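To start, the structure under review is shown below, and the notes come after it.
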Amino acid sequence: MRVFITGASGWIGSAVTDELLANGYEVLGLARSDESAARLEAKGAQVLRGDLDDLSALRSGASDTDATIHLANKHDWAHPDVSNKAEREAVETIGEALAGSNRKFLLASGVAGAVPGRSLTENDASPFHGLESPRGGSENRALEFVEQGVGAVSVRFAPTVHGAGDKGFVKFIVDAAKTSGVSGYIGDGTNHWPAVHRTDAARVVRLGLEKAAPGTLLHAIGEEAIATRTIAEAIGRGLGLPVSSIAPEDAQAQFGMIGAFFGMDIPASSALTRELLGWQPTGPTLIEDLDSGVYFAS
Ligand SMILES: NC(=O)c1ccc[n+]([C@@H]2O[C@H](COP(=O)([O-])OP(=O)(O)OC[C@H]3O[C@@H](n4cnc5c(N)ncnc54)[C@H](OP(=O)(O)O)[C@@H]3O)[C@@H](O)[C@H]2O)c1
C-alpha cells in the first residue's frame with residue numbers, strides 16, 4: 001500500500017513515515033525543500049516536491065496513492081488566517097481528489113477549546129466549522145467528504161506530542177523559563193493538558209489507517225490530564241530554576257503566544273481510541289521525558 005503524507009518531514013510526520021515504512025508500506029512524502037526531500041529519501045520514502053500552496057501537487061499526491069495522511073501545517077502563529085486558509089484549501093483539495101474512491105484520508109487535528117469543563121471524548125464533534133475558526137474548521141470540512149465516498153478520519157493529537165527533539169509547545173515553555181529565570185504556571189496551575197509520546201502518536205495514525213471507519217474521530221492521547229503546575233515543576237527541576245505562579249494577565253509576557261494555550265484546561269480521553277484500535281501507549285510520559293533531560297540539552 002502506497003501512502004501520501006503531507007508534512008512527512010515534520011515532527012509527527014517523520015515518526016509516522018518511520019512507522020509506516022517499518023510496517024511494509026510505501027510512503028510518498030510531500031517535501032518543500034531539498035533538505036526535507038533528502039531526509040525522506042534517506043529513510044527510503046519517495047518524494048513529491050511541492051508546497052501547501054501548490055494545490056496541484058496535493059491533488060496528484062492524493063490521486064496517485066492508496067491513502068492520504070495530511071500533517072503539514074504552516075503554523076503561522078502571527079497570521080492564523082494564513083494557516084487556516086491553507087489548511088482548509090488543502091483539505092478541500094485532497095477531499096475532492098479522493099471523492100468516490102473510498103480511500104482513507106487521515107488529517108491532523110487538536111483538542112483545544114472543543115468542550116469546556118470536562119474531558120473531551122471521541123464522541124464530541126468539533127464546534128469549529130468556518131474558515132475563520134481554528135484550523136479553518138478543517139476537521140468538520142474533511143468529515144463532510146465521507147458522504148462523497150472519502151474515508152475521512154480525524155486524528156486529534158494532544159497539545160504536546162513529546163519526545164527527544166521536540167520543538168513544539170513544551171519546548172516553548174522551557175525556553176520561556178530559560179529566558180525569564182522562572183519556571184511558570186498560570187494562576188494556581190490546576191488546569192490540565194493531555195500529552196502523548198511521539199512514537200505512540202505515530203502508532204495511532206498507522207492503526208487508524210488500518211482499522212478506523214470513515215467518519216471516525218481518534219484521540220492520540222497517552223495521558224488524559226496533567227496539571228500544568230506539575231509540568232512547570234518538572235521544568236524547574238530540570239533547569240534548576242524556581243517555580244512560580246504567573247498571573248493570567250502576565251501570561252503573554254512570560255510565555256509569548258503559548259501563554260494562551262498553557263492557561264487552558266483541556267483534558268481529553270482516548271478510551272474509545274484504545275478500544276477501537278487495540279492501542280496502548282508504551283512510550284515515556286511527559287514528566288519522564290522532562291526528567292530524562294532531553295528538553296534541557298543546549
Ligand atoms: N506537535 C504537536 O504537539 C501537535 C499537537 C497537536 C496537533 N498537531 C498537528 O499535527 C500536525 C503535524 O504537527 P508537527 O508538530 O509534526 O508539525 P511540524 O514539525 O511543524 O511539521 C510540519 C510539517 O509541515 C511541513 N510544512 C510546513 N509548511 C509547509 C508548506 N507551506 N508547504 C508544505 N509543507 C509544509 C513541514 O515541512 P518542512 O519539514 O519542510 O519544514 C513539516 O513537514 C500539524 O497539523 C499540527 O498542528 C501537532
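For the C-alpha cells, the naming scheme is as follows: chains receive sequential letters (A, B, ...) according to their order of presentation, residues are indexed from 1 within each chain, and ligands are indexed from 1 in presentation order.
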Residues of chain A that approach ligand 1 to 6 Å or less, counting only C-alpha atoms and all ligand atoms: could you list each one with the shortest pair of atoms and its distance in Å to one decimal, rows by chain and increasing residue number, as a Markdown table?
| residue | atom | partner | partner_atom_place_in_ligand_line | distance |
| --- | --- | --- | --- | --- |
| A:Gly7 | CA | ligand 1 | 43 (O) | 3.2 |
| A:Ala8 | CA | ligand 1 | 43 (O) | 5.0 |
| A:Ser9 | CA | ligand 1 | 43 (O) | 3.8 |
| A:Gly10 | CA | ligand 1 | 21 (O) | 3.3 |
| A:Trp11 | CA | ligand 1 | 16 (O) | 3.7 |
| A:Ile12 | CA | ligand 1 | 16 (O) | 3.7 |
| A:Gly13 | CA | ligand 1 | 16 (O) | 5.3 |
| A:Ala31 | CA | ligand 1 | 40 (O) | 5.8 |
| A:Arg32 | CA | ligand 1 | 40 (O) | 5.2 |
| A:Ser33 | CA | ligand 1 | 40 (O) | 5.6 |
| A:Ser36 | CA | ligand 1 | 40 (O) | 5.1 |
| A:Asp51 | CA | ligand 1 | 32 (N) | 3.6 |
| A:Leu52 | CA | ligand 1 | 32 (N) | 3.7 |
| A:Leu71 | CA | ligand 1 | 11 (C) | 4.3 |
| A:Ala72 | CA | ligand 1 | 24 (O) | 3.2 |
| A:Asn73 | CA | ligand 1 | 45 (O) | 4.8 |
| A:Lys74 | CA | ligand 1 | 28 (N) | 3.9 |
| A:Ala108 | CA | ligand 1 | 10 (O) | 4.9 |
| A:Ser109 | CA | ligand 1 | 7 (C) | 5.4 |
| A:Gly110 | CA | ligand 1 | 6 (C) | 4.8 |
| A:Phe157 | CA | ligand 1 | 6 (C) | 4.4 |
| A:Ala158 | CA | ligand 1 | 5 (C) | 5.2 |
| A:Pro159 | CA | ligand 1 | 5 (C) | 4.1 |
| A:Thr160 | CA | ligand 1 | 3 (O) | 3.8 |
| A:Val161 | CA | ligand 1 | 3 (O) | 3.8 |
| A:Gly168 | CA | ligand 1 | 1 (N) | 5.5 |
So that I can see what lies close to A:Arg59, please list as a short mmCIF file (atom, residue, chain, number, x, y, z; two decimals) with all heavy atoms, in the first residue's frame the residues with an atom at most 12 Å from it, counting only C-alpha atoms and leaving out residues fewer than 4 positions away in the same chain.
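Produced file part.cif, reproduced below:
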data_model
loop_
_atom_site.label_atom_id
_atom_site.label_comp_id
_atom_site.auth_asym_id
_atom_site.auth_seq_id
_atom_site.Cartn_x
_atom_site.Cartn_y
_atom_site.Cartn_z
N PHE A 4 0.36 8.64 0.70
CA PHE A 4 0.83 10.02 0.53
C PHE A 4 0.77 10.73 1.87
O PHE A 4 -0.27 10.72 2.53
CB PHE A 4 -0.08 10.73 -0.49
CG PHE A 4 0.22 12.19 -0.69
CD1 PHE A 4 1.51 12.65 -0.92
CD2 PHE A 4 -0.82 13.13 -0.69
CE1 PHE A 4 1.77 14.00 -1.13
CE2 PHE A 4 -0.56 14.48 -0.91
CZ PHE A 4 0.74 14.92 -1.12
N THR A 6 1.50 14.44 3.69
CA THR A 6 1.96 15.84 3.74
C THR A 6 2.55 16.06 5.12
O THR A 6 2.08 15.50 6.11
CB THR A 6 0.80 16.84 3.51
OG1 THR A 6 -0.02 16.90 4.69
CG2 THR A 6 -0.05 16.46 2.31
N LEU A 30 5.36 14.61 0.78
CA LEU A 30 5.43 15.95 0.20
C LEU A 30 6.63 16.68 0.82
O LEU A 30 6.77 16.69 2.05
CB LEU A 30 4.14 16.73 0.51
CG LEU A 30 4.02 18.13 -0.12
CD1 LEU A 30 3.77 18.02 -1.63
CD2 LEU A 30 2.91 18.93 0.56
N LEU A 48 7.51 13.73 -3.31
CA LEU A 48 6.77 14.58 -4.24
C LEU A 48 7.11 16.02 -3.86
O LEU A 48 6.80 16.45 -2.75
CB LEU A 48 5.25 14.34 -4.10
CG LEU A 48 4.36 15.23 -4.96
CD1 LEU A 48 4.56 14.97 -6.45
CD2 LEU A 48 2.89 15.04 -4.59
N GLY A 50 6.73 19.85 -3.50
CA GLY A 50 5.60 20.78 -3.56
C GLY A 50 5.38 21.45 -2.23
O GLY A 50 5.90 21.05 -1.19
N ASP A 51 4.56 22.48 -2.29
CA ASP A 51 4.24 23.32 -1.15
C ASP A 51 2.74 23.19 -0.89
O ASP A 51 2.00 22.75 -1.77
CB ASP A 51 4.57 24.77 -1.57
CG ASP A 51 4.56 25.69 -0.40
OD1 ASP A 51 5.57 25.75 0.31
OD2 ASP A 51 3.52 26.36 -0.21
N LEU A 52 2.33 23.59 0.32
CA LEU A 52 0.89 23.54 0.62
C LEU A 52 0.09 24.44 -0.32
O LEU A 52 -1.09 24.20 -0.57
CB LEU A 52 0.64 23.98 2.07
CG LEU A 52 0.76 22.90 3.14
CD1 LEU A 52 0.58 23.53 4.52
CD2 LEU A 52 -0.26 21.78 2.93
N ASP A 53 0.73 25.49 -0.82
CA ASP A 53 0.02 26.39 -1.75
C ASP A 53 -0.08 25.80 -3.15
O ASP A 53 -0.80 26.32 -3.98
CB ASP A 53 0.75 27.74 -1.83
CG ASP A 53 0.66 28.47 -0.51
OD1 ASP A 53 -0.38 28.35 0.17
OD2 ASP A 53 1.64 29.15 -0.14
N ASP A 54 0.67 24.74 -3.39
CA ASP A 54 0.69 24.10 -4.70
C ASP A 54 -0.39 23.01 -4.70
O ASP A 54 -0.12 21.83 -4.47
CB ASP A 54 2.09 23.52 -4.92
CG ASP A 54 2.23 22.80 -6.24
OD1 ASP A 54 1.26 22.77 -7.01
OD2 ASP A 54 3.31 22.24 -6.47
N LEU A 55 -1.62 23.44 -4.97
CA LEU A 55 -2.74 22.51 -4.82
C LEU A 55 -2.68 21.38 -5.84
O LEU A 55 -3.18 20.28 -5.59
CB LEU A 55 -4.07 23.27 -4.92
CG LEU A 55 -4.27 24.34 -3.82
CD1 LEU A 55 -5.62 25.03 -3.97
CD2 LEU A 55 -4.13 23.75 -2.42
N SER A 63 -4.28 11.53 -5.54
CA SER A 63 -4.85 10.71 -6.61
C SER A 63 -4.00 9.49 -6.93
O SER A 63 -4.52 8.44 -7.30
CB SER A 63 -4.99 11.54 -7.90
OG SER A 63 -5.80 12.64 -7.67
N ASP A 64 -2.68 9.66 -6.79
CA ASP A 64 -1.76 8.61 -7.26
C ASP A 64 -1.41 7.58 -6.20
O ASP A 64 -0.51 6.76 -6.41
CB ASP A 64 -0.45 9.25 -7.76
CG ASP A 64 -0.68 10.12 -8.98
OD1 ASP A 64 -1.78 10.04 -9.55
OD2 ASP A 64 0.23 10.90 -9.33
N THR A 65 -2.05 7.66 -5.04
CA THR A 65 -1.69 6.74 -3.94
C THR A 65 -2.96 6.07 -3.40
O THR A 65 -4.08 6.38 -3.80
CB THR A 65 -0.97 7.51 -2.81
OG1 THR A 65 -1.75 8.66 -2.49
CG2 THR A 65 0.43 7.93 -3.20
N THR A 68 -4.19 8.88 2.02
CA THR A 68 -3.50 10.16 2.28
C THR A 68 -3.53 10.47 3.77
O THR A 68 -4.56 10.27 4.43
CB THR A 68 -4.19 11.31 1.50
OG1 THR A 68 -4.04 11.08 0.10
CG2 THR A 68 -3.59 12.66 1.86
N GLU A 89 -7.99 24.87 2.38
CA GLU A 89 -7.83 24.60 0.95
C GLU A 89 -7.17 23.24 0.71
O GLU A 89 -7.53 22.52 -0.22
CB GLU A 89 -7.01 25.71 0.29
CG GLU A 89 -7.82 26.97 0.12
CD GLU A 89 -7.04 28.11 -0.53
OE1 GLU A 89 -5.81 27.97 -0.75
OE2 GLU A 89 -7.68 29.14 -0.78
N ALA A 90 -6.21 22.90 1.57
CA ALA A 90 -5.54 21.60 1.41
C ALA A 90 -6.55 20.47 1.62
O ALA A 90 -6.60 19.51 0.83
CB ALA A 90 -4.40 21.48 2.41
N VAL A 91 -7.36 20.60 2.66
CA VAL A 91 -8.35 19.55 2.96
C VAL A 91 -9.38 19.45 1.84
O VAL A 91 -9.76 18.34 1.42
CB VAL A 91 -9.01 19.85 4.34
CG1 VAL A 91 -10.29 19.08 4.51
CG2 VAL A 91 -8.02 19.51 5.45
N GLU A 92 -9.83 20.58 1.33
CA GLU A 92 -10.81 20.54 0.24
C GLU A 92 -10.21 19.93 -1.03
O GLU A 92 -10.85 19.14 -1.71
CB GLU A 92 -11.36 21.94 -0.02
CG GLU A 92 -12.23 22.39 1.13
CD GLU A 92 -12.91 23.73 0.92
OE1 GLU A 92 -12.40 24.53 0.14
OE2 GLU A 92 -13.95 23.94 1.59
N THR A 93 -8.96 20.27 -1.30
CA THR A 93 -8.30 19.74 -2.50
C THR A 93 -8.13 18.22 -2.40
O THR A 93 -8.43 17.48 -3.34
CB THR A 93 -6.93 20.42 -2.68
OG1 THR A 93 -7.14 21.82 -2.81
CG2 THR A 93 -6.20 19.88 -3.90
N ILE A 94 -7.68 17.76 -1.25
CA ILE A 94 -7.48 16.31 -1.07
C ILE A 94 -8.84 15.60 -1.08
O ILE A 94 -9.00 14.56 -1.74
CB ILE A 94 -6.71 16.03 0.24
CG1 ILE A 94 -5.29 16.59 0.14
CG2 ILE A 94 -6.67 14.53 0.55
CD1 ILE A 94 -4.55 16.67 1.49
N GLY A 95 -9.82 16.17 -0.38
CA GLY A 95 -11.16 15.57 -0.35
C GLY A 95 -11.74 15.44 -1.76
O GLY A 95 -12.27 14.37 -2.13
N GLU A 96 -11.62 16.49 -2.54
CA GLU A 96 -12.16 16.44 -3.91
C GLU A 96 -11.41 15.42 -4.76
O GLU A 96 -12.00 14.69 -5.55
CB GLU A 96 -12.08 17.83 -4.55
CG GLU A 96 -13.17 18.76 -4.03
CD GLU A 96 -12.86 20.25 -4.23
OE1 GLU A 96 -11.93 20.57 -5.01
OE2 GLU A 96 -13.56 21.07 -3.59
N ALA A 97 -10.10 15.34 -4.56
CA ALA A 97 -9.30 14.37 -5.35
C ALA A 97 -9.70 12.93 -5.01
O ALA A 97 -9.61 12.04 -5.86
CB ALA A 97 -7.81 14.58 -5.08
N LEU A 98 -10.13 12.71 -3.77
CA LEU A 98 -10.44 11.34 -3.34
C LEU A 98 -11.92 10.99 -3.45
O LEU A 98 -12.31 9.83 -3.18
CB LEU A 98 -9.99 11.15 -1.87
CG LEU A 98 -8.49 11.24 -1.61
CD1 LEU A 98 -8.19 11.08 -0.12
CD2 LEU A 98 -7.74 10.17 -2.41
N ALA A 99 -12.76 11.96 -3.84
CA ALA A 99 -14.21 11.72 -3.87
C ALA A 99 -14.53 10.49 -4.71
O ALA A 99 -14.00 10.30 -5.82
CB ALA A 99 -14.94 12.94 -4.42
#
Q.
I'd like to know which of A:Ser183, A:Asn102, A:Thr199, A:Ser14 is closest to A:Leu239, using only C-alpha atoms.
A.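 When distances to A:Leu239 are compared using only C-alpha atoms, the smallest one comes from A:Ser183.
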**Q.** Long-range neighbours of stretch 221-238 of chain A as a VMD selection string, 6 Å cut-off, only C-alpha atoms, 4 positions minimum in chain
**A.** chain A and resid 158 183 to 185 189 to 196 242 to 243 267 to 270 281
(Q) For the structure I just gave you, how does DSSP split stretch 9-161 of chain A - specifically, which residues are strand (DSSP E)? Reply as an NGL selection string. (A) :A and (26-31 or 46-49 or 67-70 or 104-109 or 151-157 or 160-161)
Q: Could you tell me how far atom CA of A:Leu106 lies from atom CA of A:His162, in Å and to one decimal?
A: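 Taking atom CA of A:Leu106 as the start and atom CA of A:His162 as the end point, the length is 20.6 Å.
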Q: Can you check which residues of stretch 40-126 of chain A DSSP gives as alpha helix (DSSP H) on the backbone and send them as a VMD selection string?
A: chain A and resid 40 to 42 55 to 63 80 to 98
Q | Close residues, A:Ala213 itself excluded, 9 Å, only C-alpha atoms, min 4 positions apart in chain, as a count of residues only | A | 6
Q. Restricting the calculation to only C-alpha atoms, which member of A:Val111, A:Val3, A:Leu276, A:Leu28 is positioned closest to A:Arg135?
A.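 Among the listed residues, A:Val111 lies closest to A:Arg135.
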Could you give me, as a tab-separated table, every stretch 144-237 of chain A residue with an atom at most 8 Å from stretch 246-261 of chain A, plus its closest atom pair and distance in Å to one decimal, counting only C-alpha atoms, rows ordered by chain then number?
residue	atom	partner	partner_atom	distance
A:Phe169	CA	A:Ile258	CA	6.8
A:Phe172	CA	A:Ile258	CA	7.1
A:Ile173	CA	A:Phe255	CA	6.4
A:Ala176	CA	A:Phe255	CA	5.4
A:Ser180	CA	A:Gln254	CA	7.1
A:Gly184	CA	A:Ile246	CA	5.9
A:Tyr185	CA	A:Ile246	CA	5.8
A:Ile186	CA	A:Ile246	CA	4.8
A:Gly187	CA	A:Ala247	CA	5.5
Q | Residues within 10 Å of A:Gly137, only C-alpha atoms, excluding chain neighbours under 4 positions, as a ChimeraX atom specification | A | /A:84-85,87-88,91,109,126-133,141-142
